[in-house]
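Chemist: Quick one: structure below, then a few questions.
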Amino acid sequence: MAHSRLSPQHSKLRLPGLADVHVHLREPGGEHKETFATGTAAALAGGVTTVLAMPNTTPPLATAETFALAWARAQAGARSDWGIFLGGTDANAGALAPALQAQAAGLKLYVNDTFGQLRIDSLSTLLRHFASWQGPGPIVCHAERLMVPAVIALAAQFGQRLHIAHVSRADELAVIRAAKTRGLPVSCEVTPHHLWLTEEDLLRLGPLGDMRPRLATAADRAALWQGIADGTVDSIATDHAPHTLEEKLGQPAREPGNAQHSARHTPPPGVPGLETMLPLLLTAVHEGRLTLERLVELTATAPRHIFRLPAQSETWVEVDLGTPWTLPERGWQTKASWSPFTGLTVYGHVVRTIVRGVEVFDGNIVSAPPGFGRPVRPHHSELKSHSQEEQ
């Protein structure tokens, strides 16, 4: 498809359901920010029919017990299809059971500043994780600057598939491009907020623009778009990281059992994004910066390939490309009912979302009940039964 502006009279289009491989659904421990039910409602409203949930919850998803707790919450609450990451720590390095690894969407390693308790500073811990991970999901790293070539080198040494989350800077992308040229099994994602916003927007957004990785320069943003054009960027994911507006503005909402809050509260980093990703990308198509084929590859085909996700039968998203609308201040499905893109005029919105032949979003109301979604990996009991049958 040529890079051409689409006319409103040819604006209705059917796309495959999107797969967002980087979302924070805050269960367990952060239910006042988001739940599996509310976060996946936001996903369906945004045309996302599969989500992979990150493990930096409270407590972190780093043991069989905490993973089982999150799994049960997802089974009961998720409206879209879902998977869950395991988080790497000093304690579980080399000690994650094969059945648990097979059930997880992948292994998430945090080697730079992030929100939550998961952060690895030990080289020996990283070595044990890279030496012992079996998948089938890849190792996913929150790695910035010098840590990008470091984790790529570890992946090459141990023959691991590596996915670099939310790349935000030109020099990081250059390292990834060089690794791909050498044939190393590394993939990467970028986020809509790093594609649309820069550090200059912080004057306008204040704490609502604080995220990890931080917003970068206009030159970095241009490099990300170039990476999309030349194929270095494999996928686009939201890094949907909801916090309440009160928390972001330095006035944290009261939580059960927490009678007082520190007067020196630091707003947590992160922004919601599940409902704005597709409108933003469709606007890029409208403006001629992106083809529809590349949009589908970045948000549906490639994420499913990288994370070895099953196909969803009779699942699609109907979108309108021709009608401009302004992203609102409130009224979102996510519990974090705000957006850093409020006030932006976009040229695309979701008209309907269909999952397995069932309409789950009609353009206004999410009708899929909690628990409608299915896991993208079998439960460990199913894996055990299958293994016994093979014996």
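The way I read the labels, and the way they are meant: chains A, B, ... in the order of the structure tokens, residue 1 as the first residue of every chain, and ligand 1 as the first ligand shown, with later ones counted on from there.
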Give me, as a ChimeraX atom specification, all polymer residues having an atom no more than 8 Å from stretch 138-144 of chain A, counting only C-alpha atoms and skipping those fewer than 5 positions away in the same chain.
Modeler: /A:105-112,130,133,151,160-167,172,213,306-307
Chemist: From a backbone DSSP assignment, name each residue in stretch 148-206 of chain A labelled helix (DSSP H, G or I), as a ChimeraX atom specification.
Modeler: /A:148-158,170-181,192-196,199-206
Chemist: Could you check which of A:Glu297, A:Glu27, A:Glu199, A:Glu359 is closest to A:Thr66, using only C-alpha atoms?
Modeler: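 Using only C-alpha atoms, A:Thr66 sits closest to A:Glu27.
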Chemist: Calculated over only C-alpha atoms, which of the candidates A:Gly88, A:Leu100, A:Arg204, A:His32 has the smallest distance to A:Leu245?
Modeler: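 Closest candidate: A:His32.
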Chemist: Which residues come within 12 Å of A:Arg356, counting only C-alpha atoms, excluding same-chain residues fewer than 6 positions away, as a list in words?
Modeler: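 Once the nearby chain positions are removed, what remains is Pro16, Gly17, Thr49, Ser80, Asp81, Ala311, Gln312, Ser313, Glu314, Thr315, Trp316, Val317, Ala368, Phe372, Gly373 and Arg374 of chain A.
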